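In what follows, a single structure is set out as structure tokens and then discussed.
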Amino acid sequence: MSRTAIRGGLVITAAEETRADVLIEDGKVAALATPDSAFAQGWTADRTLDATGKYVIPGGVDAHTHFELPFGGTASSDTFETGTRAAAWGGTTTVVDFAVQPRGGALREGLDTWHAKAEGTCAIDYAFHMILSDVNEGSLKEMDLLVGEGVTSYKLFMAYPGVFYSDDGQILRAMQRAAGNGGLIMMHAENGIAIDVLVEQALAAGHTDPRYHGEVRRALLEAEATHRAIQLARVAGSPLYVVHVSAEEALAELAQARDKGLPVFGETCPQYLFLSTDNLAEPGFEGAKYVCSTPLRPREHQDALWRGLRTDDLQVVSTDHCPFCFSGQKELGRGDFSKIPNGLPGVENRMDLLHQAVVEGRITRRRWIEIACAAPARMFGLAPHKGGVTPGGDADIVIYDPHAEQTLSAATHHMNVDYSAYEGKRVTGRVETVLSRGETVIEQRRFTGRAGHGRYVPRTTCQYLA
Ligand code: DUC
Ligand code: ZN
Ligand code: ZN
Ligand code: ZN
């Protein structure tokens, strides 16, 4: 039996902050105790990690990543190996990636493909949602089966006609099925049919620069789709999780539904909290680095999103990590913004950026842990093993230095992408040591993990509904 003690730190969970030592046995949290208690003093450990002056927090749970995703005529540039290693560097110890049902194919086929990409390569634990890109009787039957196997959430797209898009009838059928089998429908809520009209008109008018990506993907079309998704979910009697909420107007739809007591949940991402259309309008073709969907919004929307996180109208912050190199990938859209692959890197930056929000007084320390660790774990059926520092739970733990200063940069990050969306941004706070099931994967800012340590984690259904 291997035993590790973490001593002298401030343990922060979504529920409380306590000065406590943590004992880890065989990859699980065995006990927490006040440092000067006879109990803690009596622990014998093979290894002691000193956390004096540091935070001891649950490993981050990033419930929205896209590693090796074929998209926009290319594929996202992080593999499961590089992406999970970068996640570990940033204090994230579990990712939930999206396996894609091939159009005209089976869910099982997509899931097998994603298992093959991830198996034996991950530095940290991983799970899968599925993207439903072809809703029909066959795929709905498969959903019943896969929910039982631990793939308990399904993303649908109201955007991207011809690629992932589902129409309202398909959406309603999928929601009805989820209402019966316990699955959680995740929605990309943008009116893609209307957006495609505006794209065509913009290009015809010679508006080809990256900033027009933000202009055609109107906030109202995110709000309209969000409203429609909520009403369809009500009709189906299913819960709903709206991914990457970026617009104040869409958030207002969620807030209104939640005020009615409906089981409607929302996620936002660091890029909507820290970046804006100012970035999309950077000179030359630089704006391409910030092309993602939903798009970045004018700065005013940020305050609304922060408020939503404080009032729990938004429950989760995930990254939607979907990196494309500027060179050779983003450049596919020179002269036509609609050909810029959609997506931003960020899996390594999420915990630090949200800690910066703590430093700036936008959220409390416990809310930081709630939105980045505990809530995503409960939302996607990973608790109590993930998302906390709980006796019996996995020892996925980060020793975090709240005083270290760092500058975010592509020169020092570990994501396999040639730029940082946060280049030059100064933040206070940095990951020092990371344990995944008791094994150090980052130790004093050195990578000590290995490809293949990370395991696939089957999930239970959404724990917000129990
Ligand atoms: N949005 C992105 O920016 N990238 C991947 C898919 C999506 O919906
Ligand atoms: Zn999406
Ligand atoms: Zn607006
Ligand atoms: Zn996504």
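Going by the structure tokens order, chains are called A, B, ..., each with residues numbered from 1, while ligands are numbered from 1 in the order shown.
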
Review point. So which residues touch region 320-333 of chain A within 7 Å, counting only C-alpha atoms, skipping near sequence neighbours fewer than 4 positions away, as a list of chain:residue names?
Key: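 The contact residues come out as A:His64, A:Thr65, A:His66, A:Phe67, A:Ser76, A:Ser77, A:Asp78, A:Cys269, A:Ala288, A:Lys289, A:Phe337, A:Ser338, A:Lys339, A:Ile340, A:Pro341, A:Gly343, A:Leu344, A:Pro345, A:Gly346, A:Val347, A:Val417, A:Asp418, A:Tyr419.
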
Please provide as a short mmCIF file (atom, residue, chain, number, x, y, z; two decimals) with N, CA and C atoms, in the first residue's frame all residues within 12 Å of Leu107 (chain A), with the sequence filter that same-chain residues fewer than 2 positions apart are discarded (counting only C-alpha atoms).
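After the write, around-v4.cif holds the following:
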data_model
loop_
_atom_site.label_atom_id
_atom_site.label_comp_id
_atom_site.auth_asym_id
_atom_site.auth_seq_id
_atom_site.Cartn_x
_atom_site.Cartn_y
_atom_site.Cartn_z
N PHE A 98 -15.43 14.91 -26.86
CA PHE A 98 -16.64 14.58 -27.64
C PHE A 98 -16.32 13.57 -28.74
N ALA A 99 -16.81 12.34 -28.58
CA ALA A 99 -16.76 11.37 -29.67
C ALA A 99 -17.84 11.76 -30.67
N VAL A 100 -17.57 11.60 -31.96
CA VAL A 100 -18.50 12.05 -32.99
C VAL A 100 -19.13 10.87 -33.73
N GLN A 101 -20.46 10.84 -33.74
CA GLN A 101 -21.17 9.88 -34.60
C GLN A 101 -20.93 10.28 -36.05
N PRO A 102 -20.39 9.38 -36.88
CA PRO A 102 -20.24 9.76 -38.29
C PRO A 102 -21.61 9.89 -38.94
N ARG A 103 -21.76 10.84 -39.86
CA ARG A 103 -23.05 10.96 -40.56
C ARG A 103 -23.32 9.69 -41.36
N GLY A 104 -24.51 9.14 -41.16
CA GLY A 104 -24.84 7.89 -41.83
C GLY A 104 -24.27 6.68 -41.12
N GLY A 105 -23.60 6.90 -39.99
CA GLY A 105 -22.98 5.79 -39.27
C GLY A 105 -23.56 5.64 -37.88
N GLU A 109 -19.68 3.22 -33.72
CA GLU A 109 -18.53 3.41 -34.60
C GLU A 109 -17.74 4.66 -34.17
N GLY A 110 -18.46 5.74 -33.91
CA GLY A 110 -17.79 6.96 -33.46
C GLY A 110 -17.09 6.77 -32.12
N LEU A 111 -17.78 6.08 -31.23
CA LEU A 111 -17.21 5.88 -29.89
C LEU A 111 -15.95 5.02 -29.97
N ASP A 112 -16.00 3.96 -30.78
CA ASP A 112 -14.81 3.11 -30.95
C ASP A 112 -13.64 3.90 -31.50
N THR A 113 -13.94 4.78 -32.46
CA THR A 113 -12.88 5.60 -33.05
C THR A 113 -12.22 6.47 -31.99
N TRP A 114 -13.05 7.07 -31.12
CA TRP A 114 -12.48 7.95 -30.09
C TRP A 114 -11.74 7.14 -29.01
N PHE A 128 -16.12 10.39 -22.23
CA PHE A 128 -16.66 10.86 -23.50
C PHE A 128 -18.13 11.27 -23.40
N HIS A 129 -18.44 12.41 -24.03
CA HIS A 129 -19.79 12.71 -24.48
C HIS A 129 -19.85 12.19 -25.92
N MET A 130 -21.07 12.22 -26.50
CA MET A 130 -21.16 11.95 -27.93
C MET A 130 -21.85 13.09 -28.66
N ILE A 131 -21.34 13.41 -29.84
CA ILE A 131 -22.03 14.32 -30.75
C ILE A 131 -22.96 13.49 -31.61
N LEU A 132 -24.26 13.82 -31.55
CA LEU A 132 -25.24 13.17 -32.41
C LEU A 132 -25.28 13.96 -33.71
N SER A 133 -24.73 13.41 -34.78
CA SER A 133 -24.80 14.16 -36.04
C SER A 133 -25.78 13.54 -37.02
N ASP A 134 -26.45 12.48 -36.58
CA ASP A 134 -27.45 11.85 -37.44
C ASP A 134 -28.51 11.20 -36.54
N VAL A 135 -29.52 12.01 -36.18
CA VAL A 135 -30.57 11.51 -35.29
C VAL A 135 -31.57 10.70 -36.11
N ASN A 136 -31.67 9.41 -35.82
CA ASN A 136 -32.66 8.55 -36.48
C ASN A 136 -33.02 7.42 -35.51
N GLU A 137 -33.96 6.56 -35.91
CA GLU A 137 -34.42 5.51 -34.99
C GLU A 137 -33.25 4.69 -34.46
N GLY A 138 -32.30 4.37 -35.37
CA GLY A 138 -31.15 3.54 -34.98
C GLY A 138 -30.27 4.22 -33.96
N SER A 139 -29.94 5.49 -34.21
CA SER A 139 -29.02 6.16 -33.28
C SER A 139 -29.70 6.43 -31.94
N LEU A 140 -31.03 6.62 -31.95
CA LEU A 140 -31.74 6.85 -30.69
C LEU A 140 -31.76 5.56 -29.85
N LYS A 141 -31.94 4.43 -30.50
CA LYS A 141 -31.88 3.15 -29.78
C LYS A 141 -30.50 2.94 -29.18
N GLU A 142 -29.48 3.29 -29.95
CA GLU A 142 -28.11 3.15 -29.46
C GLU A 142 -27.86 4.03 -28.24
N MET A 143 -28.50 5.20 -28.24
CA MET A 143 -28.31 6.12 -27.11
C MET A 143 -28.73 5.43 -25.81
N ASP A 144 -29.88 4.73 -25.84
CA ASP A 144 -30.35 4.01 -24.64
C ASP A 144 -29.24 3.10 -24.10
N LEU A 145 -28.62 2.38 -25.03
CA LEU A 145 -27.61 1.39 -24.68
C LEU A 145 -26.36 2.08 -24.09
N LEU A 146 -25.93 3.13 -24.77
CA LEU A 146 -24.68 3.78 -24.38
C LEU A 146 -24.82 4.54 -23.07
N VAL A 147 -26.02 5.09 -22.80
CA VAL A 147 -26.22 5.75 -21.50
C VAL A 147 -25.93 4.73 -20.39
N VAL A 151 -21.82 6.59 -21.21
CA VAL A 151 -21.76 7.78 -22.07
C VAL A 151 -23.12 8.45 -21.92
N TYR A 154 -25.17 13.94 -24.61
CA TYR A 154 -25.23 13.94 -26.07
C TYR A 154 -25.36 15.35 -26.60
#

Contact table chain A vs ligand 2, cut-off 9 Å, shortest pair per residue, only C-alpha atoms and all ligand atoms, as a Markdown table:
| residue | atom | partner | partner_atom_place_in_ligand_line | distance |
| --- | --- | --- | --- | --- |
| A:Lys155 | CA | ligand 2 | 1 (Zn) | 8.2 |
| A:Leu156 | CA | ligand 2 | 1 (Zn) | 8.4 |
| A:Phe157 | CA | ligand 2 | 1 (Zn) | 6.9 |
| A:Ala159 | CA | ligand 2 | 1 (Zn) | 8.1 |
| A:Met187 | CA | ligand 2 | 1 (Zn) | 7.4 |
| A:His188 | CA | ligand 2 | 1 (Zn) | 4.5 |
| A:Ala189 | CA | ligand 2 | 1 (Zn) | 7.7 |
| A:Glu190 | CA | ligand 2 | 1 (Zn) | 8.8 |
| A:Val243 | CA | ligand 2 | 1 (Zn) | 6.5 |
| A:His244 | CA | ligand 2 | 1 (Zn) | 6.7 |
| A:Cys292 | CA | ligand 2 | 1 (Zn) | 8.8 |
| A:Ser293 | CA | ligand 2 | 1 (Zn) | 6.3 |
| A:Thr294 | CA | ligand 2 | 1 (Zn) | 6.8 |
| A:Asp320 | CA | ligand 2 | 1 (Zn) | 7.6 |

Resulting file, chosen residues, C-alpha atoms, as an mmCIF file, in the first residue's frame:
data_model
loop_
_atom_site.group_PDB
_atom_site.id
_atom_site.type_symbol
_atom_site.label_atom_id
_atom_site.label_comp_id
_atom_site.auth_asym_id
_atom_site.auth_seq_id
_atom_site.Cartn_x
_atom_site.Cartn_y
_atom_site.Cartn_z
ATOM 1 C CA LYS A 155 -24.441 17.105 -27.964
ATOM 2 C CA LEU A 156 -26.737 18.393 -30.680
ATOM 3 C CA PHE A 157 -26.058 21.301 -33.040
ATOM 4 C CA ALA A 159 -25.571 25.360 -36.098
ATOM 5 C CA MET A 187 -26.951 22.075 -27.081
ATOM 6 C CA HIS A 188 -24.877 24.205 -29.419
ATOM 7 C CA ALA A 189 -27.466 26.950 -29.561
ATOM 8 C CA GLU A 190 -27.016 29.158 -32.623
ATOM 9 C CA VAL A 243 -22.726 24.739 -24.046
ATOM 10 C CA HIS A 244 -20.448 27.741 -24.594
ATOM 11 C CA CYS A 292 -14.626 30.133 -32.537
ATOM 12 C CA SER A 293 -18.360 29.428 -32.305
ATOM 13 C CA THR A 294 -20.254 30.707 -30.500
ATOM 14 C CA ASP A 320 -14.220 24.067 -25.588
#

For the contact check between chain A and ligand 3, emit one row per residue of chain A within 12 Å, containing the shortest atom pair and the distance in Å rounded to one decimal, counting only C-alpha atoms and all ligand atoms, chain then rising number order, as a Markdown table.
| residue | atom | partner | partner_atom_place_in_ligand_line | distance |
| --- | --- | --- | --- | --- |
| A:Gly214 | CA | ligand 3 | 1 (Zn) | 11.8 |
| A:Glu215 | CA | ligand 3 | 1 (Zn) | 11.4 |
| A:Arg217 | CA | ligand 3 | 1 (Zn) | 11.7 |
| A:Arg218 | CA | ligand 3 | 1 (Zn) | 8.6 |
| A:Ala219 | CA | ligand 3 | 1 (Zn) | 5.9 |
| A:Leu220 | CA | ligand 3 | 1 (Zn) | 7.6 |
| A:Leu221 | CA | ligand 3 | 1 (Zn) | 10.7 |
| A:Glu222 | CA | ligand 3 | 1 (Zn) | 10.2 |
| A:Ala223 | CA | ligand 3 | 1 (Zn) | 9.6 |
| A:Ser246 | CA | ligand 3 | 1 (Zn) | 9.6 |
| A:Ala247 | CA | ligand 3 | 1 (Zn) | 6.2 |
| A:Glu248 | CA | ligand 3 | 1 (Zn) | 5.8 |
| A:Glu249 | CA | ligand 3 | 1 (Zn) | 6.2 |
| A:Ala250 | CA | ligand 3 | 1 (Zn) | 9.1 |
| A:Leu251 | CA | ligand 3 | 1 (Zn) | 10.4 |
| A:Ala252 | CA | ligand 3 | 1 (Zn) | 10.7 |
| A:Ser276 | CA | ligand 3 | 1 (Zn) | 12.0 |
| A:Thr277 | CA | ligand 3 | 1 (Zn) | 11.7 |
| A:Leu296 | CA | ligand 3 | 1 (Zn) | 11.1 |
| A:Arg297 | CA | ligand 3 | 1 (Zn) | 7.6 |
| A:Pro298 | CA | ligand 3 | 1 (Zn) | 7.3 |
| A:Arg299 | CA | ligand 3 | 1 (Zn) | 9.4 |
| A:Glu300 | CA | ligand 3 | 1 (Zn) | 7.5 |
| A:His301 | CA | ligand 3 | 1 (Zn) | 6.4 |
| A:Gln302 | CA | ligand 3 | 1 (Zn) | 10.2 |
| A:Asp303 | CA | ligand 3 | 1 (Zn) | 11.4 |
| A:Ala304 | CA | ligand 3 | 1 (Zn) | 9.9 |
| A:Leu305 | CA | ligand 3 | 1 (Zn) | 11.6 |

Would you put the residues from that selection into a file with C-alpha atoms, as a short mmCIF file (atom, residue, chain, number, x, y, z; two decimals), in the first residue's frame?
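out-v6.cif, freshly written:
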data_model
loop_
_atom_site.label_atom_id
_atom_site.label_comp_id
_atom_site.auth_asym_id
_atom_site.auth_seq_id
_atom_site.Cartn_x
_atom_site.Cartn_y
_atom_site.Cartn_z
CA GLY A 214 -18.35 37.80 -35.08
CA GLU A 215 -20.75 40.04 -36.95
CA ARG A 217 -23.03 35.08 -35.78
CA ARG A 218 -25.38 37.54 -34.10
CA ALA A 219 -26.02 37.41 -30.36
CA LEU A 220 -29.76 37.44 -31.18
CA LEU A 221 -29.35 34.23 -33.13
CA GLU A 222 -27.71 32.61 -30.10
CA ALA A 223 -30.55 33.89 -27.91
CA SER A 246 -21.37 33.73 -24.92
CA ALA A 247 -24.14 36.34 -25.20
CA GLU A 248 -25.97 38.25 -22.50
CA GLU A 249 -29.27 37.72 -24.36
CA ALA A 250 -28.82 33.93 -24.38
CA LEU A 251 -27.96 33.96 -20.69
CA ALA A 252 -31.18 35.90 -20.04
CA SER A 276 -13.89 40.05 -26.96
CA THR A 277 -14.62 41.21 -30.51
CA LEU A 296 -16.42 36.26 -29.02
CA ARG A 297 -18.77 39.11 -28.12
CA PRO A 298 -18.39 42.84 -27.42
CA ARG A 299 -16.78 43.44 -24.03
CA GLU A 300 -20.12 44.40 -22.37
CA HIS A 301 -21.21 40.78 -22.39
CA GLN A 302 -18.41 39.75 -20.01
CA ASP A 303 -19.98 41.40 -16.95
CA ALA A 304 -23.24 39.58 -17.59
CA LEU A 305 -21.44 36.23 -17.81
#

Review point. DSSP on the backbone: what in region 241-344 of chain A comes out alpha helix (DSSP H), as a PyMOL selection string?
Key: chain A and resi 248-259+270-274+277-280+300-311

Selection from above, C-alpha atoms, as a PDB file, in the first residue's frame, can you write it?
ATOM      1  CA  GLU A 248     -25.975  38.251 -22.497  1.00  0.00           C
ATOM      2  CA  GLU A 249     -29.270  37.721 -24.361  1.00  0.00           C
ATOM      3  CA  ALA A 250     -28.818  33.927 -24.381  1.00  0.00           C
ATOM      4  CA  LEU A 251     -27.958  33.957 -20.690  1.00  0.00           C
ATOM      5  CA  ALA A 252     -31.179  35.895 -20.039  1.00  0.00           C
ATOM      6  CA  GLU A 253     -33.136  33.026 -21.652  1.00  0.00           C
ATOM      7  CA  LEU A 254     -31.422  30.540 -19.328  1.00  0.00           C
ATOM      8  CA  ALA A 255     -32.017  32.704 -16.278  1.00  0.00           C
ATOM      9  CA  GLN A 256     -35.702  33.050 -17.117  1.00  0.00           C
ATOM     10  CA  ALA A 257     -36.069  29.277 -17.505  1.00  0.00           C
ATOM     11  CA  ARG A 258     -34.226  28.615 -14.259  1.00  0.00           C
ATOM     12  CA  ASP A 259     -36.433  31.134 -12.451  1.00  0.00           C
ATOM     13  CA  PRO A 270     -12.724  31.478 -20.443  1.00  0.00           C
ATOM     14  CA  GLN A 271     -12.583  33.033 -23.916  1.00  0.00           C
ATOM     15  CA  TYR A 272     -15.998  34.669 -23.410  1.00  0.00           C
ATOM     16  CA  LEU A 273     -14.966  35.925 -19.990  1.00  0.00           C
ATOM     17  CA  PHE A 274     -11.550  37.336 -20.949  1.00  0.00           C
ATOM     18  CA  THR A 277     -14.623  41.212 -30.508  1.00  0.00           C
ATOM     19  CA  ASP A 278     -11.637  43.566 -30.021  1.00  0.00           C
ATOM     20  CA  ASN A 279      -9.462  40.478 -30.474  1.00  0.00           C
ATOM     21  CA  LEU A 280     -11.352  39.391 -33.598  1.00  0.00           C
ATOM     22  CA  GLU A 300     -20.116  44.402 -22.368  1.00  0.00           C
ATOM     23  CA  HIS A 301     -21.214  40.779 -22.391  1.00  0.00           C
ATOM     24  CA  GLN A 302     -18.413  39.750 -20.009  1.00  0.00           C
ATOM     25  CA  ASP A 303     -19.984  41.396 -16.950  1.00  0.00           C
ATOM     26  CA  ALA A 304     -23.244  39.577 -17.593  1.00  0.00           C
ATOM     27  CA  LEU A 305     -21.439  36.225 -17.811  1.00  0.00           C
ATOM     28  CA  TRP A 306     -19.529  36.847 -14.577  1.00  0.00           C
ATOM     29  CA  ARG A 307     -22.805  37.768 -12.908  1.00  0.00           C
ATOM     30  CA  GLY A 308     -24.360  34.562 -14.250  1.00  0.00           C
ATOM     31  CA  LEU A 309     -21.536  32.576 -12.707  1.00  0.00           C
ATOM     32  CA  ARG A 310     -22.074  34.248  -9.352  1.00  0.00           C
ATOM     33  CA  THR A 311     -25.865  33.779  -9.372  1.00  0.00           C
TER      34      THR A 311
END

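Residue nearest Val264 (chain A) within the list A:Gly27, A:Ala395, A:Leu465, A:Glu68: A:Leu465 [criterion: smallest interatomic distance, only C-alpha atoms].
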
Review point. If we count only C-alpha atoms, what is near Ser238 (chain A) at a cut-off of 10 Å, once residues fewer than 4 positions away on the same chain are taken out, given as a PyMOL selection string?
Key: chain A and resi 172+174-185+230+232-234+262-264

With C-alpha atoms retained, could you export that selection as a CSV table (one decimal), in the first residue's frame?
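Writing the result to again09.csv gives the following:
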chain,number,residue,atom,x,y,z
A,172,LEU,CA,-37.3,17.0,-30.2
A,174,ALA,CA,-33.5,13.2,-29.2
A,175,MET,CA,-34.8,15.1,-26.2
A,176,GLN,CA,-37.8,12.8,-25.8
A,177,ARG,CA,-35.4,9.8,-25.9
A,178,ALA,CA,-33.1,11.5,-23.3
A,179,ALA,CA,-36.1,12.2,-21.1
A,180,GLY,CA,-36.7,8.4,-21.0
A,181,ASN,CA,-33.1,7.1,-20.7
A,182,GLY,CA,-31.6,9.6,-18.3
A,183,GLY,CA,-29.2,11.2,-20.9
A,184,LEU,CA,-28.4,14.8,-20.8
A,185,ILE,CA,-28.8,16.8,-24.0
A,230,ILE,CA,-35.5,25.4,-23.9
A,232,LEU,CA,-38.3,22.0,-27.1
A,233,ALA,CA,-36.8,20.5,-23.9
A,234,ARG,CA,-39.9,21.6,-22.0
A,262,LEU,CA,-36.8,24.2,-15.2
A,263,PRO,CA,-33.9,21.8,-15.3
A,264,VAL,CA,-31.9,24.0,-17.6

Check your understanding: With only C-alpha atoms as the basis for distance, which of A:Ala377, A:Cys122, A:Ala63, A:Ile171 is at the shortest distance from Thr319 (chain A)?
Key -> A:Ala63

Review point. If you run DSSP on the backbone, which residues of region 331-449 of chain A are strand (DSSP E), as a list of chain:residue names?
Key: A:Ile397, A:Val398, A:Ile399, A:Tyr400, A:Asp401, A:Pro402, A:His403, A:Ala404, A:Glu405, A:Gln406, A:Thr407, A:Arg426, A:Val427, A:Thr428, A:Gly429, A:Arg430, A:Val431, A:Glu432, A:Thr433, A:Val434, A:Leu435, A:Ser436, A:Glu439, A:Thr440, A:Val441, A:Ile442, A:Glu443, A:Arg446, A:Phe447

**Study point:** region 8-21 of chain A surroundings by only C-alpha atoms, 7 Å radius, close-in-sequence under 5 positions cut, as a VMD selection string
**Key:** chain A and resid 32 to 35 40 50 to 58 366 to 367 369 to 370 374 388 to 389

Check your understanding: Pick from A:Ala404, A:Val291, A:Leu275, A:Leu49: nearest to ligand 1, with only C-alpha atoms and all ligand atoms counted?
Key ->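 Going through A:Ala404, A:Val291, A:Leu275, A:Leu49 one by one, the smallest distance to ligand 1 is for A:Val291.
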